[in-house]
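Okay, structure first, notes after.
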Amino acid sequence: MSVVVLGAGVVGIQTAFALARRGIEVTVIERGPAPANLCSKGNAGIISIGHAEAWAGPGALGTMIRAAAGRDPGVKVSRWTDPALIRWGMEFLRNCSAEAHRANSDRLARLCRFSRARLPVVAEEAGLSDLVRHAGGFYLHTDRTEFETFRDSHASAHLQPVSAAEIVAKDPSLSRMTDHFAGGFYAPEDSVGDCHLFTNELGAHLGRLNHVSLRYDTEVEGIERQDGAVTGIRAAGEVIAADHVILATGIETPDLTRALGFAPNIYPVKGYSGSWRIKDAEAAPRLPFIDEAARLAVGVYSGILRITALAEFARRNRDMPEKRLDILRRYAERHFADVVDLDDVTFWTGLRPTTPASAPYLGRVRAYPNLWINAGHGSLGWTASAGCGELLAQAISGEALEVQDVSAQARWLDPL
Ligand SMILES: Cc1cc2nc3c(=O)[nH]c(=O)nc-3n(C[C@H](O)[C@H](O)[C@H](O)COP(=O)(O)OP(=O)(O)OC[C@H]3O[C@@H](n4cnc5c(N)ncnc54)[C@H](O)[C@@H]3O)c2cc1C
């Protein structure tokens, strides 16, 4: 059996790995010169089981109203009139009922936990276990009332309430921030690692296998079909034949499928990161954390401290305005001036491929029995990638699925 995977972000590379370990002949086609060059490059690196919850829900309406007034610290909307955003927003609103929120969050949580369990297996098989630290992570609250309300609705074995003293006991470096936090949650299953490095190393591992072909610097121009089935893809003026084709092309997936008569509802939700070189490793946070009030995430790996921020609805704009980067700079200056070299920083922006229901589109395209999709992982692509790749490989190989009903739903999709 031969499979072509389109896109070498973390999702495409994890999918290729899951297929290759079954002995399936795989070709990966990627426009960029290497894996993980777009959204998988500068993300926070958190395997974030504690945030495996759908964005759309009863509380999201308040967030959108605050964002419209420019008063939300984490969500910005700069292109209200974008037709793609209007289409996305209508479906988002339909997912805001308590019932839809529960169903979508349940899908996402089961998918992310399955993926978290798969990741060490992938890392072990590829010799990359050193690149991911499995020691848990924090979700920290500044406002006591907000913390207590959240505790009443969310506390569980996966998200354990912790006092400021308990936070410091688990990670003494956070004693610098105790006046900033009223309390928080410890997510024991959370992990952290450099997604860009991991994806590149996994790509290099695949490159050493005889039955895997990696084609970088190659733009996919279209999908070939005949008699209701896909026959291959067109790239660089050549047709590459395949028994199955998988779309792992993130925000650009609709560009490739429109000619086939459907367009996955994936919106690019922009975020930013700053990566500072660490000068005092002893003082750096040991565990990743999310500052829920500031809506910022912090992770430490590969000799850097990375801070990420914002969910901005701005079409495919990749500018990095100073006022956005200042949010990251101020946080680094306020909390980590003694940990990092403030002058040695790399800023980055990425577009999260986000569905209205938050879960990715994962499954078989109804009109074409050998065309599959693994796209739309939003803010949890690193978290969900190992599990999504494995489930798709199980489906293509005709194996029983280890978990089911984890995909976003769509008329054109037979979801896993
Ligand atoms: C600020 C920020 C912080 C984040 N933090 C986290 C986090 O802590 N944890 C987490 O789990 N997730 C996080 N995410 C989300 C995560 O980064 C994404 O969900 C994930 O990277 C999506 O991976 P992907 O492979 O689907 O997309 P991408 O990485 O964008 O890969 C898609 C690939 O397809 C290729 N492609 C597209 N069209 C074509 C074509 N026509 N021909 C050839 N190639 C093509 C592109 O070049 C690209 O390389 C964060 C995102 C942002 C922006």
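How things are named: the first chain in the structure tokens is A, the next is B, and so on; residues count from 1 in each chain; ligands count from 1 in the order shown.
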
Problem - DSSP strand (DSSP E or B) residues within stretch 77-257 of chain A, listed as a PyMOL selection string - result: chain A and resi 77+132-133+137-141+156+159-162+183-187+191-193+212-215+220-226+229-235+238-241+244-247

Practice task
Please provide as an MDAnalysis selection string all residues within 12 Å of A:Gly303, with the sequence filter that same-chain residues fewer than 4 positions apart are discarded (counting only C-alpha atoms).
Solution key: chainID A and resid 193:194 275:282 284:285 299 339:341 344:345

Restrict the selected residues to C-alpha atoms and save them as a short mmCIF file (atom, residue, chain, number, x, y, z; two decimals), in the first residue's frame.
```
data_model
loop_
_atom_site.label_atom_id
_atom_site.label_comp_id
_atom_site.auth_asym_id
_atom_site.auth_seq_id
_atom_site.Cartn_x
_atom_site.Cartn_y
_atom_site.Cartn_z
CA GLY A 193 9.12 19.72 24.69
CA ASP A 194 10.37 21.61 21.65
CA SER A 275 12.04 32.80 22.89
CA TRP A 276 14.70 34.14 25.25
CA ARG A 277 18.09 32.52 25.78
CA ILE A 278 18.36 31.25 29.36
CA LYS A 279 21.31 32.60 31.33
CA ASP A 280 20.52 30.92 34.68
CA ALA A 281 19.13 27.42 34.14
CA GLU A 282 18.77 26.79 37.90
CA ALA A 284 14.22 28.76 35.17
CA PRO A 285 10.75 27.19 35.62
CA GLY A 299 7.71 26.63 28.55
CA VAL A 339 16.60 34.00 34.28
CA VAL A 340 17.02 35.06 30.65
CA ASP A 341 19.15 37.40 28.59
CA ASP A 344 18.74 37.71 23.18
CA VAL A 345 15.24 37.00 21.91
#
```

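Closest approach to ligand 1 among A:Leu159, A:Leu19, A:Val406, A:Val192: A:Val192, based on only C-alpha atoms and all ligand atoms.
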
Exercise for the section: Could you pull out the residues sitting within 7 Å of ligand 1, using only C-alpha atoms and all ligand atoms, and write them as a ChimeraX atom specification? Expected result: /A:6-12,29-32,35-48,218-221,248-253,256,270-273,308-310,349-353,375-384

Problem - Distance query A:Pro356 at most 7 Å, only C-alpha atoms, self and fewer than 2 positions along chain excluded, as a list in words - result: Trp88, Glu91, Phe92, Thr354 and Ser358 of chain A

Practice task
Show which residues sit within 12 Å of A:Ser156, as a PyMOL selection string. Count only C-alpha atoms, and ignore same-chain residues fewer than 2 positions away.
Solution key: chain A and resi 50+150-154+158-162+185-188

Exercise for the section: Tell me which protein, DNA and RNA residues are within 12 Å of A:Ala395, counting only C-alpha atoms, leaving out same-chain ones fewer than 3 positions away, and put them as a list in words. Expected result: Thr15, Ala18, Leu19, His244, Ile246, Leu362, Gly363, Arg364, Pro369, Asn370, Leu371, Trp372, Ile373, Cys388, Gly389, Glu390, Leu391, Leu392, Gly398, Glu399, Ala400, Leu401, Glu402, Val403, Gln404, Asp414, Pro415 and Leu416 of chain A

Writing out the chosen residues with N, CA, C and O atoms as a short mmCIF file (atom, residue, chain, number, x, y, z; two decimals), in the first residue's frame:
```
data_model
loop_
_atom_site.label_atom_id
_atom_site.label_comp_id
_atom_site.auth_asym_id
_atom_site.auth_seq_id
_atom_site.Cartn_x
_atom_site.Cartn_y
_atom_site.Cartn_z
N THR A 15 1.81 11.54 11.43
CA THR A 15 0.97 10.63 10.64
C THR A 15 1.86 9.71 9.80
O THR A 15 1.64 8.49 9.73
N ALA A 18 3.34 7.01 11.99
CA ALA A 18 2.39 5.94 12.36
C ALA A 18 2.18 4.97 11.20
O ALA A 18 2.02 3.76 11.40
N LEU A 19 2.19 5.50 9.97
CA LEU A 19 2.04 4.63 8.79
C LEU A 19 3.31 3.83 8.55
O LEU A 19 3.27 2.61 8.33
N HIS A 244 -3.67 5.98 -1.18
CA HIS A 244 -4.39 6.88 -0.26
C HIS A 244 -3.66 8.21 -0.20
O HIS A 244 -2.43 8.25 -0.29
N ILE A 246 -3.46 11.78 2.30
CA ILE A 246 -3.87 12.38 3.58
C ILE A 246 -3.56 13.87 3.56
O ILE A 246 -2.43 14.28 3.27
N LEU A 362 -10.80 14.73 11.49
CA LEU A 362 -9.99 13.52 11.43
C LEU A 362 -10.85 12.40 10.87
O LEU A 362 -11.82 11.99 11.50
N GLY A 363 -10.53 11.95 9.66
CA GLY A 363 -11.34 10.86 9.10
C GLY A 363 -11.24 10.79 7.59
O GLY A 363 -10.31 11.33 6.97
N ARG A 364 -12.25 10.15 7.01
CA ARG A 364 -12.27 9.88 5.57
C ARG A 364 -13.25 10.85 4.90
O ARG A 364 -14.34 11.07 5.41
N PRO A 369 -13.30 7.61 -1.16
CA PRO A 369 -13.00 6.63 -0.11
C PRO A 369 -11.52 6.52 0.25
O PRO A 369 -11.19 5.98 1.31
N ASN A 370 -10.64 7.06 -0.58
CA ASN A 370 -9.20 6.96 -0.24
C ASN A 370 -8.56 8.33 -0.01
O ASN A 370 -7.35 8.48 -0.10
N LEU A 371 -9.41 9.34 0.31
CA LEU A 371 -8.88 10.66 0.68
C LEU A 371 -9.20 10.90 2.15
O LEU A 371 -10.36 10.78 2.58
N TRP A 372 -8.17 11.23 2.94
CA TRP A 372 -8.30 11.36 4.39
C TRP A 372 -7.86 12.74 4.83
O TRP A 372 -7.07 13.39 4.15
N ILE A 373 -8.36 13.15 5.98
CA ILE A 373 -7.97 14.47 6.50
C ILE A 373 -7.52 14.36 7.95
O ILE A 373 -8.09 13.58 8.73
N CYS A 388 -3.60 11.47 16.75
CA CYS A 388 -4.31 11.60 15.47
C CYS A 388 -3.61 10.77 14.39
O CYS A 388 -4.26 10.11 13.58
N GLY A 389 -2.27 10.82 14.37
CA GLY A 389 -1.52 10.04 13.38
C GLY A 389 -1.79 8.56 13.56
O GLY A 389 -2.05 7.83 12.59
N GLU A 390 -1.77 8.11 14.81
CA GLU A 390 -1.97 6.68 15.09
C GLU A 390 -3.39 6.25 14.69
O GLU A 390 -3.57 5.20 14.06
N LEU A 391 -4.39 7.06 15.03
CA LEU A 391 -5.78 6.67 14.72
C LEU A 391 -6.00 6.59 13.21
O LEU A 391 -6.67 5.69 12.71
N LEU A 392 -5.42 7.56 12.48
CA LEU A 392 -5.59 7.54 11.03
C LEU A 392 -4.90 6.31 10.43
O LEU A 392 -5.45 5.65 9.53
N GLY A 398 -7.21 -0.72 8.39
CA GLY A 398 -8.34 -1.60 8.69
C GLY A 398 -8.28 -2.20 10.08
O GLY A 398 -8.94 -3.21 10.37
N GLU A 399 -7.50 -1.59 10.99
CA GLU A 399 -7.43 -2.09 12.37
C GLU A 399 -8.59 -1.49 13.19
O GLU A 399 -9.16 -0.47 12.81
N ALA A 400 -8.88 -2.11 14.33
CA ALA A 400 -9.89 -1.53 15.23
C ALA A 400 -9.32 -0.24 15.82
O ALA A 400 -8.14 -0.19 16.18
N LEU A 401 -10.16 0.80 15.91
CA LEU A 401 -9.69 2.07 16.46
C LEU A 401 -9.61 1.98 17.98
O LEU A 401 -10.53 1.47 18.62
N GLU A 402 -8.53 2.51 18.55
CA GLU A 402 -8.39 2.45 20.02
C GLU A 402 -9.32 3.43 20.72
O GLU A 402 -9.75 3.19 21.84
N VAL A 403 -9.59 4.58 20.08
CA VAL A 403 -10.65 5.47 20.59
C VAL A 403 -11.48 5.94 19.40
O VAL A 403 -10.98 6.02 18.28
N GLN A 404 -12.75 6.22 19.66
CA GLN A 404 -13.65 6.61 18.57
C GLN A 404 -14.38 7.89 18.92
O GLN A 404 -14.41 8.30 20.07
N ASP A 414 -16.56 11.40 6.97
CA ASP A 414 -16.85 10.24 7.82
C ASP A 414 -15.86 10.31 8.97
O ASP A 414 -14.71 9.85 8.85
N PRO A 415 -16.26 10.90 10.10
CA PRO A 415 -15.28 11.21 11.16
C PRO A 415 -14.87 9.98 11.96
O PRO A 415 -15.66 9.07 12.16
N LEU A 416 -13.61 9.97 12.42
CA LEU A 416 -13.16 8.91 13.33
C LEU A 416 -13.63 9.27 14.73
O LEU A 416 -13.76 10.42 15.09
#
```

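Atom CA of A:Arg215 lies 13.8 Å from atom CA of A:Gly237.
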
Handout entry: Polymer residues at most 9 Å from stretch 127-136 of chain A, only C-alpha atoms, same-chain spacing of 6 or more positions, as an MDAnalysis selection string
Key = chainID A and resid 47 119:121 186:195 197:198 201:202 205 286:288 301:302

Handout entry: Secondary structure check, helix (DSSP H, G or I) residues of stretch 30-258 of chain A, as a ChimeraX atom specification
Key = /A:49-51,60-68,83-94,98-126,129-131,144-154,164-170,172-177,195-207,250-258

Write the selection just made, keeping C-alpha atoms, as a short mmCIF file (atom, residue, chain, number, x, y, z; two decimals), in the first residue's frame?
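Result went into selection-v9.cif, see below:
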```cif
data_model
loop_
_atom_site.label_atom_id
_atom_site.label_comp_id
_atom_site.auth_asym_id
_atom_site.auth_seq_id
_atom_site.Cartn_x
_atom_site.Cartn_y
_atom_site.Cartn_z
CA ILE A 49 -4.09 17.91 28.69
CA GLY A 50 -5.29 20.53 31.19
CA HIS A 51 -6.52 22.74 28.34
CA ALA A 60 -17.20 32.27 24.90
CA LEU A 61 -19.88 34.84 24.06
CA GLY A 62 -18.63 37.12 26.86
CA THR A 63 -15.07 36.70 25.60
CA MET A 64 -16.12 37.65 22.05
CA ILE A 65 -17.97 40.75 23.31
CA ARG A 66 -14.91 41.81 25.34
CA ALA A 67 -12.71 41.13 22.29
CA ALA A 68 -15.03 43.24 20.10
CA PRO A 83 -16.18 36.22 4.87
CA ALA A 84 -14.20 33.19 6.10
CA LEU A 85 -14.45 34.53 9.67
CA ILE A 86 -18.20 35.11 9.29
CA ARG A 87 -18.68 31.51 8.09
CA TRP A 88 -16.44 30.24 10.92
CA GLY A 89 -18.13 32.48 13.50
CA MET A 90 -21.63 31.25 12.58
CA GLU A 91 -20.60 27.65 13.17
CA PHE A 92 -18.71 28.66 16.33
CA LEU A 93 -21.92 30.22 17.68
CA ARG A 94 -23.85 27.01 16.95
CA ALA A 98 -23.74 23.94 27.08
CA GLU A 99 -24.60 20.63 25.42
CA ALA A 100 -22.37 21.21 22.36
CA HIS A 101 -19.56 22.42 24.63
CA ARG A 102 -19.77 19.22 26.69
CA ALA A 103 -19.75 16.97 23.60
CA ASN A 104 -16.88 18.85 21.89
CA SER A 105 -14.80 19.01 25.07
CA ASP A 106 -15.34 15.30 25.70
CA ARG A 107 -14.06 14.49 22.18
CA LEU A 108 -11.03 16.71 22.61
CA ALA A 109 -10.17 15.40 26.07
CA ARG A 110 -10.35 11.73 25.01
CA LEU A 111 -8.29 12.46 21.89
CA CYS A 112 -5.63 14.39 23.81
CA ARG A 113 -5.32 11.76 26.54
CA PHE A 114 -4.94 9.03 23.95
CA SER A 115 -2.33 11.15 22.20
CA ARG A 116 -0.48 11.82 25.46
CA ALA A 117 -0.29 8.05 26.02
CA ARG A 118 1.03 7.51 22.45
CA LEU A 119 3.72 10.20 22.52
CA PRO A 120 6.23 8.34 24.76
CA VAL A 121 5.82 5.26 22.53
CA VAL A 122 6.64 7.29 19.41
CA ALA A 123 9.54 9.02 21.18
CA GLU A 124 10.94 5.71 22.43
CA GLU A 125 10.72 3.99 19.02
CA ALA A 126 12.40 6.94 17.28
CA SER A 129 12.64 10.25 24.60
CA ASP A 130 15.02 12.97 25.84
CA LEU A 131 13.12 15.63 23.91
CA ARG A 144 -9.21 34.33 43.76
CA THR A 145 -12.93 34.41 42.89
CA GLU A 146 -12.23 33.26 39.32
CA PHE A 147 -9.99 30.49 40.67
CA GLU A 148 -12.65 29.28 43.11
CA THR A 149 -15.40 29.33 40.48
CA PHE A 150 -13.20 27.41 38.07
CA ARG A 151 -12.23 24.96 40.83
CA ASP A 152 -15.89 24.16 41.53
CA SER A 153 -16.60 23.39 37.86
CA HIS A 154 -13.29 21.86 36.68
CA ALA A 164 0.45 28.97 45.94
CA ALA A 165 2.53 27.04 48.53
CA GLU A 166 1.86 23.73 46.76
CA ILE A 167 2.85 25.28 43.43
CA VAL A 168 6.18 26.38 44.88
CA ALA A 169 6.69 22.96 46.49
CA LYS A 170 6.43 21.36 43.03
CA PRO A 172 10.56 26.22 43.63
CA SER A 173 11.51 28.58 40.79
CA LEU A 174 7.91 29.86 40.81
CA SER A 175 8.40 31.38 44.28
CA ARG A 176 9.27 34.55 42.31
CA MET A 177 5.59 34.74 41.28
CA CYS A 195 7.81 20.76 18.96
CA HIS A 196 10.00 22.08 16.13
CA LEU A 197 13.03 20.06 17.22
CA PHE A 198 10.98 16.91 17.89
CA THR A 199 9.26 17.10 14.48
CA ASN A 200 12.57 17.66 12.68
CA GLU A 201 14.19 14.73 14.49
CA LEU A 202 11.19 12.50 13.77
CA GLY A 203 11.44 13.59 10.12
CA ALA A 204 15.15 12.69 10.11
CA HIS A 205 14.29 9.27 11.59
CA LEU A 206 11.74 8.72 8.79
CA GLY A 207 14.31 9.81 6.22
CA GLY A 250 -3.13 22.97 8.41
CA ILE A 251 -4.76 26.29 7.53
CA GLU A 252 -4.24 25.72 3.79
CA THR A 253 -6.33 22.55 3.64
CA PRO A 254 -9.41 24.31 2.15
CA ASP A 255 -7.21 25.70 -0.67
CA LEU A 256 -6.54 22.14 -1.83
CA THR A 257 -10.04 20.72 -1.36
CA ARG A 258 -12.21 23.45 -2.91
#
```

Proximity check stretch 297-343 of chain A to stretch 180-183 of chain A, 12 Å, nearest pairs one decimal Å, only C-alpha atoms, as JSON lines:
```
{"residue": "A:Tyr331", "atom": "CA", "partner": "A:His180", "partner_atom": "CA", "distance": 11.8}
{"residue": "A:Arg334", "atom": "CA", "partner": "A:His180", "partner_atom": "CA", "distance": 10.8}
{"residue": "A:His335", "atom": "CA", "partner": "A:His180", "partner_atom": "CA", "distance": 9.7}
```
